[in-house]
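Peer 1: Before I ask anything, let me first share the structure, which is written out below as structure tokens.
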Amino acid sequence: MGQPDQYLKHLLEHESPLVTGHAVEFVRAPEIKTSELRPDGIVRVLDRLRAKKLPAPWCLLREEAVADGKMRGDHTHPLALQRCLFRREARQAQRLDDPRVSARPEACAAWVVAPHVPRWLRAWAKRGWITLTRVAPGCWSIGPSMYPVLWIAANELPLDEALIPFLVVRTGAKLKEFVGWVLDKREPAWLAQMVYALPEVAAMIPPFEPDLSPEEQQRVLKALRKSFIGREFMKKGRARGL
């Protein structure tokens, strides 16, 4: 859980149903024999009408999307996009072998979630190699393609509770803005998990001395003990004699 990419997958898996009102889910990708073909996961629509009312990128999802997340420090070069498209093609091949799902190419999209739109992508669009169209704040459609290809720039997304699974990908001042905003939106155990997965977040949380009653302190401790992250913190604390 300490790795940023594992944290992103965990957050997408557990937060997506909550922030979308169970209109969308994120599931760990099924095995596709070759490691190069295994994406981070698949975002799948559960309730089409409810999903349409959510902020982008949720409302842009038709049936499902092969999603690859790129946290701070991850490569966002052309190979990263190509691998995502490669994995989407493999997933579509799986879908075509299943008579229960739609064979329409547009039913299975490719999503890359990254902090920002890389320079090379804008340069390619300027040269006319591709089209790069802003379809919503932070959401860039890449073409030409017979299926949706979406580059999601977390630094450009608005602060919205439904977008929390994407907002953790932010970097720099935009990440700090998100951290200050999310403090009132999530419980201490959730925040502790974010700090553990993204160490840079610790310096972005303002120091404070909470005025908690003994009962409130116990509730906070109970929440931390129940979480994996709380157990890790306590283990380290005991090792240091705290």
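Quick note on naming: the chains in the structure tokens go A, B, ... in the order shown, residues restart at 1 in each chain, and ligands are numbered from 1 in order of appearance.
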Assign secondary structure with DSSP using the backbone only, and return the residues of segment 48-199 of chain A in strand (DSSP E or B) as a PyMOL selection string.
Peer 2: chain A and resi 64-69+108-114+131-136+139-143+149-153
Peer 1: Could you write out the selected residues, including N, CA and C atoms, as a PDB file, in the first residue's frame?
Peer 2:
```
ATOM      1  N   GLU A  64     -17.228   0.793 -20.429  1.00  0.00           N
ATOM      2  CA  GLU A  64     -16.046   0.594 -19.590  1.00  0.00           C
ATOM      3  C   GLU A  64     -14.829   1.240 -20.243  1.00  0.00           C
ATOM      4  N   ALA A  65     -13.797   1.412 -19.430  1.00  0.00           N
ATOM      5  CA  ALA A  65     -12.540   1.968 -19.930  1.00  0.00           C
ATOM      6  C   ALA A  65     -11.382   1.235 -19.271  1.00  0.00           C
ATOM      7  N   VAL A  66     -10.392   0.901 -20.078  1.00  0.00           N
ATOM      8  CA  VAL A  66      -9.132   0.392 -19.546  1.00  0.00           C
ATOM      9  C   VAL A  66      -8.368   1.601 -19.022  1.00  0.00           C
ATOM     10  N   ALA A  67      -8.022   1.580 -17.729  1.00  0.00           N
ATOM     11  CA  ALA A  67      -7.440   2.761 -17.087  1.00  0.00           C
ATOM     12  C   ALA A  67      -6.020   2.489 -16.621  1.00  0.00           C
ATOM     13  N   ASP A  68      -5.110   3.404 -16.964  1.00  0.00           N
ATOM     14  CA  ASP A  68      -3.732   3.372 -16.481  1.00  0.00           C
ATOM     15  C   ASP A  68      -3.460   4.667 -15.723  1.00  0.00           C
ATOM     16  N   GLY A  69      -2.974   4.549 -14.485  1.00  0.00           N
ATOM     17  CA  GLY A  69      -2.668   5.727 -13.679  1.00  0.00           C
ATOM     18  C   GLY A  69      -1.183   6.026 -13.669  1.00  0.00           C
ATOM     19  N   CYS A 108     -15.702   0.369 -25.243  1.00  0.00           N
ATOM     20  CA  CYS A 108     -14.506   0.156 -24.427  1.00  0.00           C
ATOM     21  C   CYS A 108     -13.498   1.256 -24.733  1.00  0.00           C
ATOM     22  N   ALA A 109     -13.280   2.121 -23.768  1.00  0.00           N
ATOM     23  CA  ALA A 109     -12.399   3.274 -23.952  1.00  0.00           C
ATOM     24  C   ALA A 109     -11.017   3.004 -23.356  1.00  0.00           C
ATOM     25  N   ALA A 110     -10.101   3.936 -23.601  1.00  0.00           N
ATOM     26  CA  ALA A 110      -8.768   3.904 -22.999  1.00  0.00           C
ATOM     27  C   ALA A 110      -8.569   5.202 -22.229  1.00  0.00           C
ATOM     28  N   TRP A 111      -8.256   5.098 -20.945  1.00  0.00           N
ATOM     29  CA  TRP A 111      -8.047   6.268 -20.096  1.00  0.00           C
ATOM     30  C   TRP A 111      -6.632   6.259 -19.532  1.00  0.00           C
ATOM     31  N   VAL A 112      -5.955   7.394 -19.630  1.00  0.00           N
ATOM     32  CA  VAL A 112      -4.691   7.601 -18.931  1.00  0.00           C
ATOM     33  C   VAL A 112      -4.924   8.725 -17.923  1.00  0.00           C
ATOM     34  N   VAL A 113      -4.654   8.444 -16.657  1.00  0.00           N
ATOM     35  CA  VAL A 113      -4.808   9.444 -15.592  1.00  0.00           C
ATOM     36  C   VAL A 113      -3.416   9.884 -15.175  1.00  0.00           C
ATOM     37  N   ALA A 114      -3.108  11.164 -15.344  1.00  0.00           N
ATOM     38  CA  ALA A 114      -1.782  11.697 -15.047  1.00  0.00           C
ATOM     39  C   ALA A 114      -1.936  13.097 -14.450  1.00  0.00           C
ATOM     40  N   THR A 131      -5.167  14.631 -33.004  1.00  0.00           N
ATOM     41  CA  THR A 131      -6.011  15.724 -32.528  1.00  0.00           C
ATOM     42  C   THR A 131      -6.085  15.625 -31.006  1.00  0.00           C
ATOM     43  N   LEU A 132      -6.075  16.764 -30.356  1.00  0.00           N
ATOM     44  CA  LEU A 132      -6.145  16.828 -28.899  1.00  0.00           C
ATOM     45  C   LEU A 132      -7.221  17.846 -28.551  1.00  0.00           C
ATOM     46  N   THR A 133      -8.353  17.358 -28.065  1.00  0.00           N
ATOM     47  CA  THR A 133      -9.516  18.215 -27.848  1.00  0.00           C
ATOM     48  C   THR A 133      -9.937  18.195 -26.382  1.00  0.00           C
ATOM     49  N   ARG A 134     -10.064  19.379 -25.816  1.00  0.00           N
ATOM     50  CA  ARG A 134     -10.532  19.487 -24.431  1.00  0.00           C
ATOM     51  C   ARG A 134     -12.052  19.314 -24.421  1.00  0.00           C
ATOM     52  N   VAL A 135     -12.518  18.196 -23.882  1.00  0.00           N
ATOM     53  CA  VAL A 135     -13.949  17.895 -23.882  1.00  0.00           C
ATOM     54  C   VAL A 135     -14.610  18.252 -22.552  1.00  0.00           C
ATOM     55  N   ALA A 136     -13.808  18.504 -21.530  1.00  0.00           N
ATOM     56  CA  ALA A 136     -14.289  18.914 -20.213  1.00  0.00           C
ATOM     57  C   ALA A 136     -13.059  19.354 -19.423  1.00  0.00           C
ATOM     58  N   CYS A 139     -10.061  16.986 -19.063  1.00  0.00           N
ATOM     59  CA  CYS A 139     -10.316  15.797 -19.878  1.00  0.00           C
ATOM     60  C   CYS A 139     -10.026  16.102 -21.343  1.00  0.00           C
ATOM     61  N   TRP A 140      -9.043  15.399 -21.906  1.00  0.00           N
ATOM     62  CA  TRP A 140      -8.576  15.649 -23.262  1.00  0.00           C
ATOM     63  C   TRP A 140      -8.768  14.402 -24.124  1.00  0.00           C
ATOM     64  N   SER A 141      -9.528  14.554 -25.185  1.00  0.00           N
ATOM     65  CA  SER A 141      -9.790  13.462 -26.115  1.00  0.00           C
ATOM     66  C   SER A 141      -8.690  13.417 -27.170  1.00  0.00           C
ATOM     67  N   ILE A 142      -8.155  12.223 -27.408  1.00  0.00           N
ATOM     68  CA  ILE A 142      -7.083  12.039 -28.375  1.00  0.00           C
ATOM     69  C   ILE A 142      -7.629  11.280 -29.582  1.00  0.00           C
ATOM     70  N   GLY A 143      -7.373  11.800 -30.758  1.00  0.00           N
ATOM     71  CA  GLY A 143      -7.845  11.159 -31.977  1.00  0.00           C
ATOM     72  C   GLY A 143      -6.764  11.211 -33.047  1.00  0.00           C
ATOM     73  N   VAL A 149     -10.378   7.726 -26.543  1.00  0.00           N
ATOM     74  CA  VAL A 149      -9.078   7.750 -25.873  1.00  0.00           C
ATOM     75  C   VAL A 149      -9.024   9.051 -25.082  1.00  0.00           C
ATOM     76  N   LEU A 150      -8.904   8.957 -23.772  1.00  0.00           N
ATOM     77  CA  LEU A 150      -9.014  10.123 -22.912  1.00  0.00           C
ATOM     78  C   LEU A 150      -7.771  10.264 -22.050  1.00  0.00           C
ATOM     79  N   TRP A 151      -7.168  11.449 -22.111  1.00  0.00           N
ATOM     80  CA  TRP A 151      -6.058  11.784 -21.204  1.00  0.00           C
ATOM     81  C   TRP A 151      -6.642  12.682 -20.113  1.00  0.00           C
ATOM     82  N   ILE A 152      -6.607  12.197 -18.879  1.00  0.00           N
ATOM     83  CA  ILE A 152      -7.193  12.918 -17.751  1.00  0.00           C
ATOM     84  C   ILE A 152      -6.074  13.607 -16.985  1.00  0.00           C
ATOM     85  N   ALA A 153      -6.077  14.939 -17.022  1.00  0.00           N
ATOM     86  CA  ALA A 153      -5.053  15.750 -16.357  1.00  0.00           C
ATOM     87  C   ALA A 153      -5.575  16.173 -14.988  1.00  0.00           C
TER      88      ALA A 153
END
```
Peer 1: Could you pull out the alpha helix (DSSP H) residues of segment 96-209 of chain A from DSSP and send them as an MDAnalysis selection string?
Peer 2: chainID A and resid 96 119:127 164:167 172:182 188:197
Peer 1: Atom CA of Arg48 of chain A to atom CA of His22 of chain A: how many Å, to one decimal?
Peer 2: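 So the two atoms, atom CA of Arg48 of chain A and atom CA of His22 of chain A, lie 10.4 Å apart.
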Peer 1: Taking only C-alpha atoms into account, name the residue in A:Arg50, A:Asp97, A:Ser145, A:Phe166 that is nearest to Glu13 of chain A.
Peer 2: A:Phe166
Peer 1: Find the spatial neighbours of Ala162 of chain A, counting only C-alpha atoms, within a cut-off of 9 Å - ignore same-chain residues fewer than 4 positions away - and output them as a list in words.
Peer 2: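 These residues fall inside the cut-off: Glu15, Ser16, Leu18, Val19, Thr20, Gly21, Leu54, Pro55 and Trp58 of chain A.
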Peer 1: The selected residues should be written to file as a PDB file, in the first residue's frame (atoms: C-alpha atoms).
Peer 2:
```pdb
ATOM      1  CA  GLU A  15     -13.773   5.314  -3.690  1.00  0.00           C
ATOM      2  CA  SER A  16     -15.319   5.078  -7.164  1.00  0.00           C
ATOM      3  CA  LEU A  18     -18.819   5.882  -3.047  1.00  0.00           C
ATOM      4  CA  VAL A  19     -18.191   9.151  -4.863  1.00  0.00           C
ATOM      5  CA  THR A  20     -20.383   8.182  -7.831  1.00  0.00           C
ATOM      6  CA  GLY A  21     -23.303   6.911  -5.784  1.00  0.00           C
ATOM      7  CA  LEU A  54     -21.618  13.015 -12.625  1.00  0.00           C
ATOM      8  CA  PRO A  55     -18.748  15.381 -13.491  1.00  0.00           C
ATOM      9  CA  TRP A  58     -17.323   9.814 -15.142  1.00  0.00           C
TER      10      TRP A  58
END
```
Peer 1: Considering only C-alpha atoms, can you say which of A:Arg104, A:Arg119, A:Arg186, A:Lys176 comes closest to Tyr147 of chain A?
Peer 2: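 Selected residue with least distance to Tyr147 of chain A: A:Arg104.
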Peer 1: Show me, as number ranges by chain, the residues that have an atom within 10 Å of Leu46 of chain A when counting only C-alpha atoms, minus same-chain residues fewer than 5 positions from it.
Peer 2: A: 17, 22-25, 51, 63-64
Peer 1: Go through A:Ala154, A:Leu96, A:Cys84, A:Leu79 one by one, measure the shortest atom-to-atom distance of each to Phe178 of chain A using only C-alpha atoms, and give the residue with the smallest value.
Peer 2: A:Ala154
Peer 1: With 12 Å as the cut-off and only C-alpha atoms counted, what is the closest atom pair between each nearby residue of segment 139-179 of chain A and segment 191-197 of chain A? Distances in Å to one decimal, ordered by chain and number, as a Markdown table.
Peer 2:
```
| residue | atom | partner | partner_atom | distance |
| --- | --- | --- | --- | --- |
| A:Ile164 | CA | A:Met194 | CA | 11.6 |
| A:Pro165 | CA | A:Met194 | CA | 11.3 |
| A:Leu167 | CA | A:Met194 | CA | 11.8 |
| A:Val168 | CA | A:Met194 | CA | 8.4 |
| A:Val169 | CA | A:Met194 | CA | 11.2 |
| A:Leu175 | CA | A:Met194 | CA | 11.7 |
| A:Phe178 | CA | A:Met194 | CA | 11.8 |
| A:Val179 | CA | A:Leu191 | CA | 9.0 |
```
Peer 1: For atom CA of Glu215 of chain A and atom CA of Pro188 of chain A, quote the distance in Å rounded to one decimal.
Peer 2: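 Those two atoms sit 14.9 Å apart.
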Peer 1: Rounded to one decimal place, report the atom CA of Trp181 of chain A-atom CA of Leu163 of chain A distance in Å.
Peer 2: 12.5 Å
